[in-house]
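Content type PDB, C-alpha atoms, from the file structure37.pdb:
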```
ATOM      1  CA  MET L   1    -174.028  73.845  58.646
ATOM      2  CA  LEU L   2    -175.005  71.011  56.324
ATOM      3  CA  SER L   3    -172.465  68.337  55.389
ATOM      4  CA  VAL L   4    -173.143  66.289  52.259
ATOM      5  CA  ILE L   5    -171.247  62.982  52.100
ATOM      6  CA  ILE L   6    -170.618  61.696  48.568
ATOM      7  CA  PRO L   7    -168.461  58.611  47.878
ATOM      8  CA  VAL L   8    -166.975  58.632  44.379
ATOM      9  CA  TYR L   9    -165.212  56.023  42.292
ATOM     10  CA  ASN L  10    -164.252  56.768  38.675
ATOM     11  CA  GLU L  11    -166.911  59.435  38.150
ATOM     12  CA  VAL L  12    -165.152  61.786  35.709
ATOM     13  CA  GLN L  13    -168.171  61.996  33.419
ATOM     14  CA  VAL L  14    -170.650  62.744  36.199
ATOM     15  CA  LEU L  15    -168.711  65.165  38.418
ATOM     16  CA  PRO L  16    -169.243  68.438  36.495
ATOM     17  CA  VAL L  17    -173.027  68.040  36.400
ATOM     18  CA  LEU L  18    -173.114  66.721  39.980
ATOM     19  CA  LEU L  19    -171.236  69.748  41.318
ATOM     20  CA  GLU L  20    -173.365  72.147  39.307
ATOM     21  CA  ARG L  21    -176.636  70.669  40.565
ATOM     22  CA  LEU L  22    -175.393  70.459  44.151
ATOM     23  CA  LYS L  23    -174.330  74.106  44.241
ATOM     24  CA  ALA L  24    -177.556  75.232  42.590
ATOM     25  CA  SER L  25    -179.624  73.256  45.098
ATOM     26  CA  LEU L  26    -177.744  74.440  48.182
ATOM     27  CA  GLU L  27    -177.102  78.085  47.352
ATOM     28  CA  THR L  28    -180.073  79.267  49.440
ATOM     29  CA  ILE L  29    -179.566  77.179  52.581
ATOM     30  CA  GLY L  30    -176.582  79.017  54.076
ATOM     31  CA  ALA L  31    -173.415  77.277  55.209
ATOM     32  CA  TYR L  32    -172.612  73.857  53.806
ATOM     33  CA  GLU L  33    -169.723  71.572  52.894
ATOM     34  CA  LEU L  34    -169.451  68.884  50.237
ATOM     35  CA  VAL L  35    -167.360  65.982  51.523
ATOM     36  CA  PHE L  36    -166.243  63.817  48.610
ATOM     37  CA  VAL L  37    -164.634  60.492  49.513
ATOM     38  CA  ASP L  38    -162.455  59.231  46.676
ATOM     39  CA  ASP L  39    -162.595  55.447  47.023
ATOM     40  CA  GLY L  40    -159.426  54.637  45.098
ATOM     41  CA  SER L  41    -160.409  56.064  41.706
ATOM     42  CA  ILE L  42    -158.053  55.185  38.847
ATOM     43  CA  ASP L  43    -159.240  57.868  36.415
ATOM     44  CA  HIS L  44    -159.046  61.665  36.784
ATOM     45  CA  THR L  45    -161.763  61.945  39.402
ATOM     46  CA  LEU L  46    -159.360  63.110  42.115
ATOM     47  CA  GLN L  47    -157.709  65.702  39.862
ATOM     48  CA  ILE L  48    -161.075  67.231  38.970
ATOM     49  CA  LEU L  49    -162.101  67.339  42.619
ATOM     50  CA  THR L  50    -158.849  68.995  43.706
ATOM     51  CA  GLN L  51    -159.312  71.696  41.061
ATOM     52  CA  HIS L  52    -162.776  72.464  42.412
ATOM     53  CA  HIS L  53    -161.431  72.325  45.973
ATOM     54  CA  GLN L  54    -158.856  75.005  45.155
ATOM     55  CA  ALA L  55    -161.600  77.217  43.712
ATOM     56  CA  ASP L  56    -164.177  76.551  46.457
ATOM     57  CA  SER L  57    -163.167  75.819  50.059
ATOM     58  CA  ARG L  58    -166.589  74.307  50.759
ATOM     59  CA  ILE L  59    -165.530  71.276  48.714
ATOM     60  CA  LYS L  60    -163.620  68.806  50.910
ATOM     61  CA  ILE L  61    -161.897  65.644  49.729
ATOM     62  CA  ILE L  62    -160.968  62.488  51.632
ATOM     63  CA  GLU L  63    -158.650  60.388  49.476
ATOM     64  CA  LEU L  64    -158.573  56.743  50.566
ATOM     65  CA  SER L  65    -155.403  54.712  50.025
ATOM     66  CA  ARG L  66    -157.266  52.172  47.862
ATOM     67  CA  ASN L  67    -160.769  50.990  47.044
ATOM     68  CA  PHE L  68    -162.296  49.886  50.352
ATOM     69  CA  GLY L  69    -165.888  49.690  49.154
ATOM     70  CA  HIS L  70    -168.994  51.811  49.302
ATOM     71  CA  GLN L  71    -169.800  51.308  52.996
ATOM     72  CA  ALA L  72    -166.264  52.144  54.119
ATOM     73  CA  ALA L  73    -166.209  55.280  51.964
ATOM     74  CA  ILE L  74    -169.492  56.541  53.432
ATOM     75  CA  THR L  75    -168.205  55.814  56.941
ATOM     76  CA  ALA L  76    -165.051  57.834  56.236
ATOM     77  CA  GLY L  77    -167.168  60.771  55.134
ATOM     78  CA  LEU L  78    -169.447  60.541  58.158
ATOM     79  CA  GLU L  79    -166.495  60.515  60.529
ATOM     80  CA  HIS L  80    -165.135  63.736  58.985
ATOM     81  CA  ALA L  81    -168.422  65.632  58.647
ATOM     82  CA  LYS L  82    -168.527  68.867  60.647
ATOM     83  CA  GLY L  83    -172.101  69.948  60.041
ATOM     84  CA  GLU L  84    -175.021  69.909  62.432
ATOM     85  CA  PHE L  85    -176.963  68.100  59.715
ATOM     86  CA  ILE L  86    -175.431  65.377  57.546
ATOM     87  CA  ALA L  87    -176.703  64.085  54.213
ATOM     88  CA  MET L  88    -175.638  60.920  52.391
ATOM     89  CA  MET L  89    -176.045  60.430  48.654
ATOM     90  CA  ASP L  90    -174.428  58.568  45.776
ATOM     91  CA  SER L  91    -172.605  60.380  42.998
ATOM     92  CA  ASP L  92    -174.530  58.965  40.037
ATOM     93  CA  LEU L  93    -177.387  61.526  40.318
ATOM     94  CA  GLN L  94    -180.031  58.825  40.523
ATOM     95  CA  ASP L  95    -180.933  60.433  43.843
ATOM     96  CA  PRO L  96    -181.786  64.091  43.099
ATOM     97  CA  PRO L  97    -179.780  66.672  45.099
ATOM     98  CA  GLU L  98    -182.680  69.092  44.610
ATOM     99  CA  LEU L  99    -184.408  67.314  47.530
ATOM    100  CA  LEU L 100    -181.675  68.231  50.026
ATOM    101  CA  PRO L 101    -183.152  71.656  50.977
ATOM    102  CA  GLU L 102    -186.523  70.026  51.665
ATOM    103  CA  MET L 103    -184.876  67.355  53.826
ATOM    104  CA  LEU L 104    -182.986  70.045  55.715
ATOM    105  CA  GLU L 105    -186.153  72.034  56.333
ATOM    106  CA  ILE L 106    -187.835  68.953  57.825
ATOM    107  CA  LEU L 107    -184.955  68.388  60.258
ATOM    108  CA  GLN L 108    -184.704  72.063  61.192
ATOM    109  CA  GLN L 109    -188.301  71.978  62.349
ATOM    110  CA  GLY L 110    -187.134  69.676  65.153
ATOM    111  CA  ARG L 111    -189.836  67.036  64.880
ATOM    112  CA  PHE L 112    -187.557  64.427  63.290
ATOM    113  CA  ASP L 113    -183.933  63.350  63.546
ATOM    114  CA  VAL L 114    -183.669  61.323  60.331
ATOM    115  CA  VAL L 115    -185.165  61.827  56.875
ATOM    116  CA  ASN L 116    -184.945  58.819  54.543
ATOM    117  CA  GLY L 117    -185.380  58.992  50.799
ATOM    118  CA  PHE L 118    -188.196  56.601  49.827
ATOM    119  CA  ARG L 119    -188.031  55.345  46.254
ATOM    120  CA  GLN L 120    -191.415  55.280  44.581
ATOM    121  CA  ASN L 121    -190.032  53.421  41.592
ATOM    122  CA  ARG L 122    -186.796  52.121  40.104
ATOM    123  CA  GLU L 123    -187.740  52.095  36.439
ATOM    124  CA  GLU L 124    -184.278  53.277  35.431
ATOM    125  CA  GLU L 125    -182.768  49.864  36.205
ATOM    126  CA  SER L 126    -182.881  46.617  34.276
ATOM    127  CA  PHE L 127    -185.649  44.169  35.109
ATOM    128  CA  LYS L 128    -183.176  41.683  36.622
ATOM    129  CA  ARG L 129    -181.515  44.244  38.881
ATOM    130  CA  ARG L 130    -184.861  45.780  39.862
ATOM    131  CA  PHE L 131    -186.334  42.362  40.676
ATOM    132  CA  MET L 132    -183.329  41.255  42.747
ATOM    133  CA  THR L 133    -183.229  44.571  44.630
ATOM    134  CA  ARG L 134    -186.915  44.414  45.492
ATOM    135  CA  LEU L 135    -186.576  40.778  46.511
ATOM    136  CA  PHE L 136    -183.681  41.622  48.833
ATOM    137  CA  HIS L 137    -185.499  44.531  50.458
ATOM    138  CA  LYS L 138    -188.624  42.437  50.927
ATOM    139  CA  ILE L 139    -186.703  39.542  52.514
ATOM    140  CA  PHE L 140    -184.442  41.785  54.590
ATOM    141  CA  SER L 141    -187.287  43.906  55.964
ATOM    142  CA  ASN L 142    -189.153  40.769  57.035
ATOM    143  CA  ILE L 143    -186.299  38.813  58.613
ATOM    144  CA  SER L 144    -184.584  41.777  60.280
ATOM    145  CA  GLY L 145    -187.698  43.321  61.819
ATOM    146  CA  LEU L 146    -186.807  46.653  60.163
ATOM    147  CA  GLU L 147    -189.898  46.779  57.973
ATOM    148  CA  GLU L 148    -189.622  50.507  57.288
ATOM    149  CA  ILE L 149    -186.311  49.974  55.459
ATOM    150  CA  GLU L 150    -187.977  48.670  52.299
ATOM    151  CA  ASN L 151    -187.349  50.919  49.269
ATOM    152  CA  THR L 152    -184.883  53.109  51.147
ATOM    153  CA  GLY L 153    -181.170  53.259  50.463
ATOM    154  CA  HIS L 154    -178.298  55.548  51.354
ATOM    155  CA  PHE L 155    -180.000  58.772  50.273
ATOM    156  CA  SER L 156    -180.900  60.391  53.580
ATOM    157  CA  MET L 157    -180.190  63.204  56.034
ATOM    158  CA  ILE L 158    -179.620  62.968  59.778
ATOM    159  CA  ASN L 159    -178.862  65.394  62.595
ATOM    160  CA  ARG L 160    -175.749  65.368  64.767
ATOM    161  CA  GLU L 161    -177.339  63.333  67.574
ATOM    162  CA  ALA L 162    -178.330  60.563  65.172
ATOM    163  CA  LEU L 163    -174.871  60.667  63.577
ATOM    164  CA  ASN L 164    -173.181  60.211  66.954
ATOM    165  CA  ALA L 165    -175.334  57.136  67.564
ATOM    166  CA  LEU L 166    -174.538  55.799  64.100
ATOM    167  CA  LEU L 167    -170.786  56.257  64.577
ATOM    168  CA  ALA L 168    -170.942  54.593  67.999
ATOM    169  CA  MET L 169    -171.428  51.254  66.225
ATOM    170  CA  LYS L 170    -167.951  50.047  65.278
ATOM    171  CA  GLU L 171    -168.568  46.759  63.486
ATOM    172  CA  LYS L 172    -166.421  46.115  60.412
ATOM    173  CA  THR L 173    -169.182  44.502  58.353
ATOM    174  CA  ARG L 174    -171.416  47.474  57.742
ATOM    175  CA  TYR L 175    -174.737  48.098  56.025
ATOM    176  CA  ILE L 176    -175.411  51.793  56.513
ATOM    177  CA  PRO L 177    -179.175  51.794  55.736
ATOM    178  CA  GLY L 178    -179.690  49.004  58.278
ATOM    179  CA  LEU L 179    -177.583  50.765  60.913
ATOM    180  CA  ARG L 180    -179.428  54.022  60.272
ATOM    181  CA  HIS L 181    -182.768  52.384  60.999
ATOM    182  CA  TYR L 182    -181.378  50.355  63.910
ATOM    183  CA  ILE L 183    -180.421  53.455  65.923
ATOM    184  CA  GLY L 184    -184.070  54.477  66.125
ATOM    185  CA  PHE L 185    -184.655  58.186  66.807
ATOM    186  CA  ARG L 186    -187.564  59.968  65.156
ATOM    187  CA  GLN L 187    -187.535  59.032  61.503
ATOM    188  CA  THR L 188    -189.614  60.070  58.527
ATOM    189  CA  GLN L 189    -189.324  59.741  54.774
ATOM    190  CA  ILE L 190    -189.636  61.772  51.634
ATOM    191  CA  GLU L 191    -190.844  60.137  48.428
ATOM    192  CA  TYR L 192    -189.112  60.552  45.092
ATOM    193  CA  SER L 193    -188.706  58.802  41.754
ATOM    194  CA  ARG L 194    -185.236  57.380  41.263
ATOM    195  CA  GLN L 195    -183.790  58.852  38.109
ATOM    196  CA  GLU L 196    -181.753  57.278  35.357
ATOM    197  CA  ARG L 197    -178.001  57.282  35.845
ATOM    198  CA  LEU L 198    -176.561  60.351  34.133
ATOM    199  CA  SER L 199    -173.607  58.648  32.460
ATOM    200  CA  GLY L 200    -171.650  55.413  32.471
ATOM    201  CA  LYS L 201    -172.491  52.181  34.239
ATOM    202  CA  SER L 202    -173.053  51.412  37.884
ATOM    203  CA  LYS L 203    -169.814  50.701  39.775
ATOM    204  CA  MET L 204    -171.681  48.257  42.007
ATOM    205  CA  ARG L 205    -171.593  44.977  40.128
ATOM    206  CA  PHE L 206    -174.081  42.233  40.834
ATOM    207  CA  SER L 207    -171.448  40.274  42.816
ATOM    208  CA  ALA L 208    -170.783  43.322  45.019
ATOM    209  CA  LEU L 209    -174.502  43.857  45.568
ATOM    210  CA  PHE L 210    -174.876  40.184  46.472
ATOM    211  CA  ARG L 211    -172.067  40.431  49.044
ATOM    212  CA  LEU L 212    -173.666  43.555  50.491
ATOM    213  CA  ALA L 213    -176.996  41.737  50.734
ATOM    214  CA  LEU L 214    -175.332  38.845  52.579
ATOM    215  CA  ASP L 215    -173.584  41.261  54.952
ATOM    216  CA  ALA L 216    -176.907  42.935  55.688
ATOM    217  CA  MET L 217    -178.751  39.673  56.385
ATOM    218  CA  PHE L 218    -175.999  38.106  58.495
ATOM    219  CA  ALA L 219    -175.515  41.333  60.481
ATOM    220  CA  PHE L 220    -179.157  42.047  61.268
ATOM    221  CA  SER L 221    -180.894  38.686  61.423
ATOM    222  CA  ARG L 222    -180.683  35.173  62.854
ATOM    223  CA  PHE L 223    -182.649  33.915  59.877
ATOM    224  CA  PRO L 224    -179.740  31.921  58.327
ATOM    225  CA  LEU L 225    -179.270  30.040  61.598
ATOM    226  CA  LYS L 226    -183.009  29.485  61.927
ATOM    227  CA  LEU L 227    -183.075  28.162  58.371
ATOM    228  CA  CYS L 228    -180.330  25.688  59.253
ATOM    229  CA  LEU L 229    -182.278  24.584  62.317
ATOM    230  CA  TRP L 230    -185.434  23.922  60.294
ATOM    231  CA  LEU L 231    -183.465  22.124  57.598
ATOM    232  CA  GLY L 232    -181.897  19.975  60.311
ATOM    233  CA  ILE L 233    -185.295  19.181  61.822
ATOM    234  CA  THR L 234    -186.592  18.314  58.343
ATOM    235  CA  GLY L 235    -183.594  16.045  57.788
ATOM    236  CA  VAL L 236    -184.179  14.255  61.103
ATOM    237  CA  PHE L 237    -187.857  13.798  60.244
ATOM    238  CA  VAL L 238    -187.046  12.348  56.807
ATOM    239  CA  PHE L 239    -184.393  10.092  58.323
ATOM    240  CA  PHE L 240    -186.918   8.942  60.949
ATOM    241  CA  LEU L 241    -189.457   8.021  58.250
ATOM    242  CA  ALA L 242    -186.749   6.243  56.275
ATOM    243  CA  GLY L 243    -185.793   4.276  59.402
ATOM    244  CA  ILE L 244    -189.404   3.170  59.955
ATOM    245  CA  HIS L 245    -189.576   2.105  56.310
ATOM    246  CA  VAL L 246    -186.425  -0.009  56.676
ATOM    247  CA  LEU L 247    -187.595  -1.652  59.904
ATOM    248  CA  LEU L 248    -191.033  -2.474  58.490
ATOM    249  CA  SER L 249    -189.400  -3.880  55.370
ATOM    250  CA  LYS L 250    -187.138  -6.075  57.504
ATOM    251  CA  PHE L 251    -189.909  -7.476  59.696
ATOM    252  CA  THR L 252    -192.347  -8.002  56.832
ATOM    253  CA  GLY L 253    -189.733  -9.648  54.656
ATOM    254  CA  TRP L 254    -189.902  -6.950  52.003
ATOM    255  CA  ALA L 255    -186.356  -5.699  51.669
ATOM    256  CA  PRO L 256    -185.601  -2.179  50.367
ATOM    257  CA  VAL L 257    -185.357  -2.103  46.592
ATOM    258  CA  GLY L 258    -181.955  -1.217  45.135
ATOM    259  CA  TRP L 259    -179.585   1.447  46.260
ATOM    260  CA  SER L 260    -181.577   4.489  45.112
ATOM    261  CA  SER L 261    -183.281   5.113  48.456
ATOM    262  CA  THR L 262    -179.936   4.871  50.250
ATOM    263  CA  MET L 263    -178.243   7.287  47.885
ATOM    264  CA  ILE L 264    -181.137   9.760  48.076
ATOM    265  CA  SER L 265    -180.902   9.717  51.875
ATOM    266  CA  ILE L 266    -177.149  10.255  51.756
ATOM    267  CA  TYR L 267    -177.453  13.126  49.286
ATOM    268  CA  PHE L 268    -180.249  14.753  51.269
ATOM    269  CA  LEU L 269    -178.500  14.633  54.628
ATOM    270  CA  GLY L 270    -175.179  15.549  53.037
ATOM    271  CA  SER L 271    -176.643  18.648  51.408
ATOM    272  CA  ILE L 272    -178.106  19.751  54.729
ATOM    273  CA  GLN L 273    -174.733  19.321  56.430
ATOM    274  CA  LEU L 274    -172.996  21.334  53.708
ATOM    275  CA  THR L 275    -175.616  24.063  54.110
ATOM    276  CA  PHE L 276    -174.886  24.127  57.849
ATOM    277  CA  LEU L 277    -171.155  24.397  57.212
ATOM    278  CA  GLY L 278    -171.642  27.201  54.701
ATOM    279  CA  VAL L 279    -173.827  29.294  57.006
ATOM    280  CA  LEU L 280    -171.586  28.709  60.012
ATOM    281  CA  GLY L 281    -168.591  29.570  57.846
ATOM    282  CA  GLU L 282    -170.151  32.928  56.963
ATOM    283  CA  TYR L 283    -170.671  33.738  60.641
ATOM    284  CA  ILE L 284    -167.171  32.549  61.569
ATOM    285  CA  TYR L 285    -165.628  34.665  58.808
ATOM    286  CA  ARG L 286    -167.456  37.781  59.987
ATOM    287  CA  THR L 287    -166.521  37.051  63.588
ATOM    288  CA  TYR L 288    -162.899  36.661  62.493
ATOM    289  CA  ARG L 289    -163.025  40.028  60.712
ATOM    290  CA  GLU L 290    -164.336  41.682  63.848
ATOM    291  CA  SER L 291    -161.674  40.038  66.015
ATOM    292  CA  GLN L 292    -158.910  41.332  63.730
ATOM    293  CA  ASN L 293    -160.052  44.851  64.594
ATOM    294  CA  ARG L 294    -158.519  46.329  61.456
ATOM    295  CA  PRO L 295    -159.577  49.840  60.403
ATOM    296  CA  ILE L 296    -162.172  49.652  57.653
ATOM    297  CA  TYR L 297    -160.295  52.266  55.610
ATOM    298  CA  PHE L 298    -157.001  54.154  55.406
ATOM    299  CA  ILE L 299    -156.671  57.766  54.297
ATOM    300  CA  ARG L 300    -153.908  58.742  51.901
ATOM    301  CA  LYS L 301    -154.561  62.467  51.977
ATOM    302  CA  LYS L 302    -157.137  65.008  53.089
ATOM    303  CA  TYR L 303    -158.092  68.174  51.269
ATOM    304  CA  LEU L 304    -159.964  70.184  53.908
TER
END
```
Give the structure from the file, written as structure tokens.
Amino acid sequence: MLSVIIPVYNEVQVLPVLLERLKASLETIGAYELVFVDDGSIDHTLQILTQHHQADSRIKIIELSRNFGHQAAITAGLEHAKGEFIAMMDSDLQDPPELLPEMLEILQQGRFDVVNGFRQNREEESFKRRFMTRLFHKIFSNISGLEEIENTGHFSMINREALNALLAMKEKTRYIPGLRHYIGFRQTQIEYSRQERLSGKSKMRFSALFRLALDAMFAFSRFPLKLCLWLGITGVFVFFLAGIHVLLSKFTGWAPVGWSSTMISIYFLGSIQLTFLGVLGEYIYRTYRESQNRPIYFIRKKYL
């Protein structure tokens, strides 16, 4: 059986077309289930899903108690998937469900355990969002050592063995694409052109995307700490040169001119110290979240 995990949040306008295209794409593959995770929607998304659930038992619903975020919603779906093969996709139809049968066929051949959707282009997005997304993927792939993650997102399909490995990682700060590549296994990709969002605006605001990018970089790389180290070494070097300048000025009788050099030194070293505190604060906060050991989501009701 194939399980398709779809987190939804206020998707009333998209749901009818999404369900129609999903059913049309999967009608020839045999047994499947559609696991929708309602991430605290405040419109009629849940009501529409329950109506379809009553008419079709293959449609499952996990209703979360509030909005816990995209990564938590996907995790909830993965933990309740019953299929031998598990697909992940967003609900906005930018990732075409028509590719799911092809992904399934690749996994059924047994040569691969994971099939990642590889985006050939992102022309549907604004220039700013497209630029920032590409910049993040380029930086993240380089600093994390997961170079193959560039231009891949959540759209993917994995087998049960890969899912068990993915669920074995229990950290609270999660970046699913990074975790999916971290587990290894035999991975391949399928290329596609990301389509324009069917209706409405993206629920992932720039601030949420920025937080997700920070979570990904702090969870998979020591780069922020290395950056602090190099900034500290640079600060020591500049301070050393400034000290030589002061000593030479004292012994040669040429005193330092004004207070500008002193203030520049103070500002420079102070900014480095604040950078250190900020980076260490990010790590401490994430460590604190892990030590709390709180569940990353709560379920209000299941429609299975």
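For the choices L:Phe85, L:Trp230, L:Tyr303, L:Phe112, the atom-to-atom distance to L:Val37 is smallest for L:Tyr303 when using only C-alpha atoms.
All residues of protein, DNA or RNA that reach within 10 Å of L:Ile48, judged by only C-alpha atoms and not counting those fewer than 5 positions away in the chain, are Glu11, Val12, Leu15, Pro16, Asp43 and His53 of chain L.
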Calculate how many Å separate atom CA of L:Leu167 from atom CA of L:His154, rounding to one decimal.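 These atoms are spaced 15.2 Å apart.
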Among listed residues L:Val4, L:Ile86, L:Ala31, L:Leu93, nearest L:Gln195 (using only C-alpha atoms):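 When distances to L:Gln195 are compared using only C-alpha atoms, the smallest one comes from L:Leu93.
The closest residue to L:Arg180, picked from L:Leu241, L:Met88, L:Ala73, L:Leu99 and counting all atoms listed in the file, is L:Met88.
Neighbours of L:Phe298 closer than or equal to 12 Å, with all atoms listed in the file counted and sequence neighbours fewer than 5 positions away skipped, come out as L:Val37, L:Asp38, L:Asp39, L:Gly40, L:Ile62, L:Glu63, L:Leu64, L:Ser65, L:Arg66, L:Asn67, L:Phe68, L:Gly69, L:Ala72, L:Ala73, L:Thr75, L:Ala76.
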So, counting only C-alpha atoms, which residue among L:His44, L:Lys301, L:His80, L:Arg21 is closest to L:Glu98?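 So, comparing all the options, the nearest one is L:Arg21.
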Mind telling me what the PyMOL selection byres ((chain L and resi 163) around 10) catches here, as a PyMOL selection string? chain L and resi 78-79+81+84-86+113-114+157-162+164-168+180+183
Pick out the closest residue to L:Pro101 from this set: L:Val14, L:Ile176, L:Leu2, L:Ile61. Count only C-alpha atoms.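 Result for the nearest residue to L:Pro101: L:Leu2.
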The residues within 12 Å of (-168.7, 67.4, 43.1), using all atoms listed in the file and the coordinates of the file, should be reported as a PyMOL selection string; which are they? chain L and resi 4-9+11-24+33-38+45-53+56+58-61+89-93+97
Just give me the gap between atom CA of L:Ser3 and atom CA of L:Pro177 in Å, one decimal is fine.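 About the pair atom CA of L:Ser3 and atom CA of L:Pro177: they are 17.9 Å apart.
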One number please: atom CA of L:Ile190 to atom CA of L:Asn116, in Å, one decimal.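 Separating atom CA of L:Ile190 from atom CA of L:Asn116 is a distance of 6.3 Å.
Of the listed residues (L:Gln71, L:Ser193, L:Gln120, L:Thr234), L:Ser193 comes nearest to L:Gln94; the distances count only C-alpha atoms.
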